[in-house]
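coords_4.txt (compact mmCIF, C-alpha atoms) appears below.
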# COMPACT_ATOMS: atom_id res chain seq x y z
CA MET A 23 85.05 113.79 106.17
CA PRO A 24 81.38 113.00 105.38
CA ARG A 25 78.68 115.33 106.57
CA LEU A 26 77.64 114.40 110.11
CA ASP A 27 74.02 113.79 111.07
CA GLU A 28 72.42 115.26 114.20
CA ALA A 29 73.10 112.22 116.39
CA GLN A 30 76.77 112.23 115.38
CA LEU A 31 77.00 115.96 116.05
CA ALA A 32 75.61 115.45 119.57
CA VAL A 33 78.18 112.75 120.32
CA GLY A 34 80.88 114.93 118.77
CA ARG A 35 79.97 117.71 121.21
CA ALA A 36 80.35 115.27 124.13
CA PHE A 37 83.79 114.29 122.84
CA ASP A 38 84.74 117.96 122.35
CA ALA A 39 83.73 118.81 125.92
CA LEU A 40 85.82 115.96 127.33
CA ALA A 41 88.81 116.89 125.14
CA ALA A 42 88.59 120.51 126.35
CA ARG A 43 88.66 119.41 129.99
CA LEU A 44 91.56 117.03 129.42
CA ASN A 45 93.53 119.67 127.52
CA GLN A 46 93.14 122.06 130.46
CA LEU A 47 94.83 119.66 132.88
CA PRO A 48 98.40 120.43 133.98
CA LYS A 49 101.02 118.99 131.68
CA PRO A 50 103.56 116.26 132.66
CA GLY A 51 105.49 117.03 135.77
CA LEU A 52 102.57 118.51 137.62
CA LEU A 53 100.37 116.02 135.78
CA GLY A 54 101.73 112.99 137.56
CA ARG A 55 101.18 114.61 140.98
CA LEU A 56 97.67 115.68 139.99
CA PHE A 57 96.67 112.15 139.06
CA SER A 58 98.42 110.52 141.98
CA ARG A 59 96.60 112.81 144.45
CA GLY A 60 93.28 111.61 143.03
CA ALA A 61 92.19 115.09 142.02
CA ALA A 62 88.77 115.45 140.44
CA LEU A 63 89.00 114.20 136.89
CA PRO A 64 86.40 114.36 134.16
CA LYS A 65 84.18 111.36 133.59
CA GLY A 66 85.07 109.23 130.63
CA LEU A 67 82.62 108.30 127.88
CA TYR A 68 80.80 105.13 126.84
CA VAL A 69 79.53 105.69 123.28
CA TRP A 70 77.25 103.08 121.79
CA GLY A 71 75.27 102.67 118.59
CA HIS A 72 74.73 100.40 115.62
CA VAL A 73 77.50 99.27 113.28
CA GLY A 74 78.67 101.89 110.79
CA ARG A 75 77.30 104.90 112.67
CA GLY A 76 80.72 106.54 112.99
CA LYS A 77 81.71 105.67 116.56
CA THR A 78 85.30 104.86 115.68
CA MET A 79 85.66 107.92 113.44
CA LEU A 80 84.44 110.21 116.22
CA MET A 81 86.62 108.60 118.88
CA ASP A 82 89.70 108.78 116.66
CA SER A 83 89.06 112.48 116.04
CA PHE A 84 88.72 113.01 119.79
CA PHE A 85 91.89 111.03 120.49
CA ALA A 86 93.89 113.16 118.06
CA SER A 87 92.57 116.36 119.65
CA VAL A 88 93.84 115.53 123.16
CA GLN A 89 97.34 116.96 123.50
CA GLY A 90 100.07 116.63 126.10
CA LEU A 91 98.43 113.74 127.95
CA PRO A 92 99.85 110.20 127.98
CA LYS A 93 97.24 108.33 125.99
CA ARG A 94 96.55 105.09 124.20
CA ARG A 95 93.92 103.93 121.70
CA VAL A 96 93.49 100.16 121.20
CA HIS A 97 90.84 97.73 120.00
CA PHE A 98 89.07 96.15 122.96
CA ASN A 99 89.85 92.58 121.89
CA GLY A 100 93.53 93.40 121.53
CA PHE A 101 93.50 95.02 124.95
CA MET A 102 91.97 91.92 126.55
CA GLN A 103 94.55 89.70 124.85
CA GLU A 104 97.27 91.81 126.47
CA VAL A 105 95.54 91.52 129.85
CA HIS A 106 95.31 87.73 129.60
CA ALA A 107 98.97 87.51 128.57
CA ALA A 108 99.97 89.69 131.54
CA ARG A 109 97.93 87.51 133.91
CA ALA A 110 99.80 84.43 132.69
CA ARG A 111 103.15 86.19 133.03
CA LEU A 112 102.82 87.98 136.39
CA LYS A 113 103.09 86.18 139.70
CA SER A 114 101.84 88.14 142.69
CA ASP A 115 99.00 88.35 145.18
CA ASP A 116 97.38 91.19 143.21
CA VAL A 117 97.88 90.52 139.52
CA ILE A 118 95.04 92.82 138.45
CA GLY A 119 96.50 95.64 140.54
CA ASP A 120 99.91 95.07 138.98
CA ILE A 121 98.41 95.18 135.48
CA ALA A 122 96.59 98.41 136.34
CA ASP A 123 99.83 99.89 137.71
CA GLY A 124 101.60 99.11 134.45
CA ILE A 125 98.87 100.71 132.36
CA ALA A 126 98.58 103.79 134.58
CA ARG A 127 102.33 104.45 134.47
CA ASP A 128 102.17 105.14 130.74
CA THR A 129 98.53 106.01 130.08
CA LYS A 130 96.17 108.58 131.58
CA LEU A 131 93.63 108.42 128.75
CA LEU A 132 92.70 104.92 127.57
CA CYS A 133 90.44 104.64 124.51
CA LEU A 134 89.01 101.18 123.83
CA ASP A 135 87.25 100.62 120.50
CA GLU A 136 84.41 98.12 120.01
CA MET A 137 83.92 96.88 123.54
CA GLN A 138 82.02 93.61 123.69
CA VAL A 139 81.94 90.88 126.31
CA THR A 140 81.09 87.34 125.26
CA ASP A 141 83.49 85.31 127.39
CA ILE A 142 83.15 84.47 131.08
CA ALA A 143 86.87 85.00 131.70
CA ASP A 144 86.72 88.56 130.32
CA ALA A 145 83.54 89.28 132.26
CA MET A 146 85.10 88.30 135.56
CA ILE A 147 88.29 90.30 134.98
CA LEU A 148 86.77 93.54 133.69
CA GLY A 149 85.10 94.72 136.86
CA ARG A 150 88.24 94.50 138.96
CA LEU A 151 90.49 95.91 136.24
CA PHE A 152 88.31 98.92 135.41
CA GLU A 153 87.91 99.73 139.10
CA ALA A 154 91.68 99.56 139.54
CA LEU A 155 92.29 101.81 136.53
CA LEU A 156 89.77 104.39 137.74
CA ALA A 157 91.39 104.38 141.18
CA ARG A 158 94.73 105.12 139.52
CA GLY A 159 93.37 108.15 137.67
CA VAL A 160 92.98 106.66 134.19
CA VAL A 161 90.24 108.30 132.14
CA LEU A 162 88.38 105.66 130.14
CA VAL A 163 86.63 106.13 126.80
CA THR A 164 85.04 103.23 124.97
CA THR A 165 82.79 102.54 122.00
CA SER A 166 80.40 99.62 121.69
CA ASN A 167 77.57 98.31 119.54
CA GLN A 168 75.57 97.67 122.71
CA PRO A 169 74.40 99.74 125.69
CA PRO A 170 76.05 98.85 129.00
CA ASP A 171 73.03 96.77 130.01
CA GLY A 172 73.46 94.71 126.85
CA LEU A 173 77.02 93.61 127.65
CA TYR A 174 77.42 89.87 128.27
CA LYS A 175 73.67 89.46 127.81
CA ASP A 176 72.51 85.90 128.57
CA GLY A 177 76.09 85.02 129.55
CA LEU A 178 77.01 82.33 132.04
CA ASN A 179 76.68 83.59 135.64
CA ARG A 180 75.82 87.06 134.34
CA GLN A 181 74.61 88.13 137.77
CA LEU A 182 78.26 88.30 138.81
CA PHE A 183 78.84 90.83 136.02
CA LEU A 184 76.00 93.18 136.96
CA PRO A 185 77.99 95.18 139.58
CA PHE A 186 80.52 96.03 136.85
CA ILE A 187 77.73 97.32 134.59
CA ALA A 188 76.40 99.49 137.41
CA ARG A 189 79.89 100.85 138.10
CA LEU A 190 80.47 101.48 134.39
CA LYS A 191 77.30 103.58 134.14
CA GLU A 192 78.30 105.50 137.26
CA ALA A 193 81.91 106.18 136.22
CA LEU A 194 81.36 106.96 132.52
CA GLU A 195 78.91 109.21 130.74
CA VAL A 196 76.82 106.93 128.54
CA VAL A 197 76.04 108.47 125.14
CA HIS A 198 73.86 106.85 122.48
CA LEU A 199 74.74 107.51 118.87
CA GLY A 200 71.08 107.41 117.93
CA GLU A 201 69.36 105.60 115.13
CA GLY A 202 70.47 106.27 111.60
CA PRO A 203 72.10 104.83 108.51
CA ASP A 204 75.17 102.63 108.38
CA TYR A 205 77.29 104.97 106.27
CA ARG A 206 79.74 102.29 105.20
CA LEU A 207 77.03 100.41 103.35
CA GLY A 208 76.62 103.20 100.82
CA ARG A 209 80.13 102.43 99.62
CA ILE A 210 79.27 98.84 98.68
CA ALA A 211 75.64 99.26 97.53
CA ALA A 212 76.50 98.88 93.86
CA ARG A 213 79.01 96.04 94.32
CA HIS A 214 78.63 92.29 94.46
CA THR A 215 79.48 90.74 97.82
CA TYR A 216 79.71 87.22 96.37
CA VAL A 217 82.58 87.32 93.88
CA THR A 218 83.23 84.56 91.36
CA PRO A 219 85.29 83.05 89.74
CA LEU A 220 88.42 82.89 91.85
CA GLY A 221 91.55 84.69 90.72
CA PRO A 222 93.43 87.97 91.07
CA ALA A 223 90.36 90.02 90.16
CA ALA A 224 88.29 88.36 92.91
CA ASP A 225 91.08 88.88 95.45
CA ALA A 226 91.29 92.55 94.50
CA ALA A 227 87.52 92.93 94.76
CA LEU A 228 87.47 91.52 98.30
CA ASP A 229 90.44 93.71 99.26
CA ALA A 230 88.52 96.76 98.05
CA LEU A 231 85.40 95.77 99.98
CA TRP A 232 87.49 95.16 103.10
CA SER A 233 89.09 98.59 102.77
CA ASP A 234 85.73 100.30 102.41
CA LEU A 235 84.10 98.49 105.33
CA THR A 236 87.07 99.02 107.67
CA ASP A 237 87.82 102.62 106.65
CA GLY A 238 91.12 101.54 105.14
CA VAL A 239 92.37 99.63 108.19
CA GLY A 240 94.38 96.54 107.27
CA GLY A 241 93.32 94.65 110.38
CA GLU A 242 95.23 92.60 112.93
CA ALA A 243 95.15 89.00 114.06
CA MET A 244 93.33 88.26 117.31
CA GLU A 245 92.17 85.38 119.45
CA ILE A 246 88.65 84.70 120.73
CA THR A 247 88.36 82.56 123.84
CA ILE A 248 85.67 79.89 123.51
CA LEU A 249 85.00 77.36 126.25
CA GLY A 250 88.56 77.62 127.52
CA ARG A 251 90.29 77.48 124.12
CA SER A 252 91.23 80.03 121.47
CA LEU A 253 89.82 80.63 118.00
CA HIS A 254 92.33 82.41 115.77
CA VAL A 255 91.03 85.29 113.66
CA PRO A 256 93.63 86.11 110.96
CA ARG A 257 92.40 89.69 110.38
CA ALA A 258 89.94 91.80 112.32
CA ALA A 259 89.02 95.49 112.19
CA HIS A 260 85.95 97.67 112.73
CA GLY A 261 83.55 94.81 113.33
CA CYS A 262 84.82 92.82 110.33
CA ALA A 263 86.73 89.53 110.36
CA ARG A 264 88.48 87.87 107.42
CA PHE A 265 89.19 84.19 106.95
CA SER A 266 89.97 81.73 104.21
CA PHE A 267 87.71 78.74 103.56
CA SER A 268 90.51 76.60 104.96
CA ASP A 269 90.53 78.58 108.23
CA LEU A 270 86.84 77.95 108.85
CA CYS A 271 85.95 74.66 107.21
CA GLU A 272 89.07 72.50 106.96
CA LYS A 273 89.87 72.78 110.65
CA PRO A 274 87.89 70.95 113.37
CA LEU A 275 85.58 73.84 114.24
CA ALA A 276 82.02 73.46 115.47
CA ALA A 277 78.87 75.40 116.30
CA PRO A 278 80.33 77.30 119.31
CA ASP A 279 83.14 78.64 117.12
CA TYR A 280 80.78 79.90 114.43
CA LEU A 281 78.44 81.36 117.03
CA ALA A 282 81.36 83.25 118.57
CA LEU A 283 82.11 84.78 115.16
CA ALA A 284 78.52 85.94 114.82
CA GLN A 285 78.60 87.40 118.33
CA ASN A 286 81.90 89.23 117.83
CA PHE A 287 81.63 90.51 114.25
CA SER A 288 78.94 92.17 112.17
CA THR A 289 80.62 91.25 108.85
CA VAL A 290 82.56 88.09 107.96
CA PHE A 291 84.77 87.79 104.87
CA ILE A 292 85.53 84.32 103.48
CA ASP A 293 88.16 83.97 100.76
CA HIS A 294 88.45 81.12 98.27
CA LEU A 295 85.38 78.90 98.65
CA PRO A 296 86.09 75.92 96.37
CA VAL A 297 83.76 73.57 94.56
CA LEU A 298 83.53 70.75 97.09
CA LYS A 299 84.38 67.20 96.15
CA ALA A 300 82.09 64.33 97.09
CA SER A 301 84.80 63.10 99.50
CA GLU A 302 84.86 66.44 101.38
CA ARG A 303 81.93 65.55 103.60
CA ASN A 304 83.26 67.23 106.74
CA GLU A 305 84.13 70.43 104.92
CA ALA A 306 80.66 70.58 103.33
CA LYS A 307 78.97 70.02 106.67
CA ARG A 308 81.02 72.75 108.35
CA LEU A 309 80.22 75.20 105.56
CA ILE A 310 76.51 74.44 105.92
CA LEU A 311 76.71 74.98 109.69
CA LEU A 312 78.75 78.16 109.28
CA ILE A 313 76.31 79.75 106.83
CA ASP A 314 73.31 78.68 108.93
CA THR A 315 74.85 80.29 112.02
CA LEU A 316 75.75 83.55 110.29
CA TYR A 317 72.33 83.66 108.60
CA ASP A 318 70.45 83.16 111.88
CA ALA A 319 72.51 85.94 113.49
CA GLY A 320 71.91 88.38 110.62
CA THR A 321 75.65 88.61 109.93
CA ARG A 322 76.79 90.29 106.73
CA LEU A 323 78.86 88.07 104.47
CA VAL A 324 81.46 88.78 101.77
CA VAL A 325 82.71 85.79 99.78
CA SER A 326 85.00 84.90 96.91
CA ALA A 327 84.11 81.52 95.41
CA ALA A 328 85.04 79.20 92.58
CA ALA A 329 81.43 78.99 91.37
CA ALA A 330 77.90 80.21 91.94
CA PRO A 331 76.31 79.08 95.25
CA GLU A 332 74.25 76.35 93.59
CA ALA A 333 77.39 74.81 92.09
CA LEU A 334 79.55 74.66 95.21
CA CYS A 335 78.38 71.22 96.36
CA PRO A 336 77.44 69.24 93.25
CA ALA A 337 77.95 65.78 94.75
CA GLY A 338 78.26 63.92 98.01
CA PRO A 339 75.98 63.17 100.96
CA HIS A 340 75.23 66.85 101.70
CA ARG A 341 74.29 67.79 98.13
CA LEU A 342 70.56 68.15 98.80
CA GLU A 343 71.06 69.77 102.20
CA PHE A 344 73.32 72.32 100.54
CA LEU A 345 70.45 73.64 98.42
CA ARG A 346 69.23 75.59 101.45
CA THR A 347 72.75 76.92 102.01
CA ALA A 348 72.91 78.10 98.41
CA SER A 349 69.59 79.87 98.83
CA ARG A 350 70.85 81.59 101.97
CA LEU A 351 74.05 82.64 100.24
CA ARG A 352 71.90 84.26 97.56
CA GLU A 353 69.74 86.07 100.12
CA MET A 354 72.80 87.29 102.03
CA GLN A 355 73.92 89.15 98.89
CA SER A 356 70.72 91.16 98.67
CA GLN A 357 70.49 94.86 99.38
CA SER A 358 67.75 94.25 101.96
CA TRP A 359 70.04 91.87 103.85
CA TRP A 360 72.86 94.39 103.93
CA GLN A 361 70.63 97.28 104.93
CA LYS A 362 69.16 95.62 107.98
CA ALA A 363 70.94 95.88 111.31
CA ALA A 364 73.36 93.07 111.96
For this file, write the structure as structure tokens.
Amino acid sequence: MPRLDEAQLAVGRAFDALAARLNQLPKPGLLGRLFSRGAALPKGLYVWGHVGRGKTMLMDSFFASVQGLPKRRVHFNGFMQEVHAARARLKSDDVIGDIADGIARDTKLLCLDEMQVTDIADAMILGRLFEALLARGVVLVTTSNQPPDGLYKDGLNRQLFLPFIARLKEALEVVHLGEGPDYRLGRIAARHTYVTPLGPAADAALDALWSDLTDGVGGEAMEITILGRSLHVPRAAHGCARFSFSDLCEKPLAAPDYLALAQNFSTVFIDHLPVLKASERNEAKRLILLIDTLYDAGTRLVVSAAAAPEALCPAGPHRLEFLRTASRLREMQSQSWWQKAA
């Protein structure tokens, strides 16, 4: 394990204190009666800080240290997918209560990694669900890149979400993981993040970068809800998402889709950018829009491509417009781009 900085040590102490309290609780048998009576339970934690500061590492260490307590650790997006699926499946007058009952039967410690709220449906569900889980004696721990007051910022009808934020700050101890370096970036400082030409070596290079930036996690597929429909993410882990060029530019995606990627992920991987034919006007336009959106959001980008940026769009109606895209692709490889906060 790398040497921890002072901010990480302070958060580690908060996790240690919570683990000690949870480990002192009566074990199963008496445990169920303790929770069902609503006995005083320790507050959970809301740990926030910039990408790469070690939030997930610290929470995973905490999770492993809690013994004898029914527990679950899950990525926040995966958790919300399960909630939406349960809402579609269950038929009752209190679906949220039924979902909370199901969770509480098997889980007394729920750890949610990378909490973020960008969708109105999630925003409206969360308040009721978290309140129901707290009422059923579930201890909640979550990590996020944003403070509670930054959740669903500028979202539609955000005023309806504000009571949940107030309740979150009341029910959980909010801990900031301070300012400091993104430790994952040191692993890729000497590597190219735009890999060409295509082939097995390029695929292996992107696999190695993915492993370093996700701490060796392979990643899982997920769905992002956008304006009432779903955007499929083939692989996601630790703030990174991985797509092929076909996933992002050969399908009928538009600005809201690319903006959702920038809002949900700090790093986007794109495999197999081809040299575009003059006839591939739509694909070229989508690639231009995608890079513009990620650039404006400060998103980190890892790419494997058939040619250098300037050679990706040699012909067609978007050839001149693509010169700006090529310039941005160059800038997004720079050390200064990768070192700034996404």
Write out as a tab-separated table a residue-level contact list of stretch 84-157 of chain A versus stretch 33-48 of chain A with cut-off 9 Å: for each qualifying residue the closest pair of atoms and the distance in Å to one decimal, counting all atoms listed in the file, rows sorted by chain and residue number upward.
residue	atom	partner	partner_atom	distance
A:Phe84	CA	A:Phe37	CA	5.9
A:Phe85	CA	A:Ala41	CA	8.1
A:Ser87	CA	A:Ala41	CA	6.7
A:Val88	CA	A:Ala41	CA	5.6
A:Gln89	CA	A:Asn45	CA	6.2
A:Gly90	CA	A:Asn45	CA	7.4
A:Leu91	CA	A:Asn45	CA	7.7
A:Leu131	CA	A:Leu44	CA	8.9
Quiz item: Separation of atom CA of A:Val297 and atom CA of A:Ala333, in Å?
Solution: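 Atom-to-atom, atom CA of A:Val297 to atom CA of A:Ala333, that is 6.9 Å.
Minimum distance to A:Thr78 across A:Leu151, A:Val163, A:Ala126, A:Ala328 (counting all atoms listed in the file) occurs at A:Val163.
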Quiz prompt | Non-local contacts of A:Cys271 (12 Å; all atoms listed in the file; under 2 positions in same chain excluded) as a ChimeraX atom specification | solution = /A:265-269,273-277,279-280,292-296,298,302-313
Exercise. Using all atoms listed in the file, give me every residue within 8 Å of (70.0, 105.7, 117.4) in file coordinates, as a PyMOL selection string.
Key: chain A and resi 29+71-72+198-202
Selected residues written out, C-alpha atoms, as a CSV table (one decimal), in the frame of the given file:
chain,number,residue,atom,x,y,z
A,29,ALA,CA,73.1,112.2,116.4
A,71,GLY,CA,75.3,102.7,118.6
A,72,HIS,CA,74.7,100.4,115.6
A,198,HIS,CA,73.9,106.8,122.5
A,199,LEU,CA,74.7,107.5,118.9
A,200,GLY,CA,71.1,107.4,117.9
A,201,GLU,CA,69.4,105.6,115.1
A,202,GLY,CA,70.5,106.3,111.6
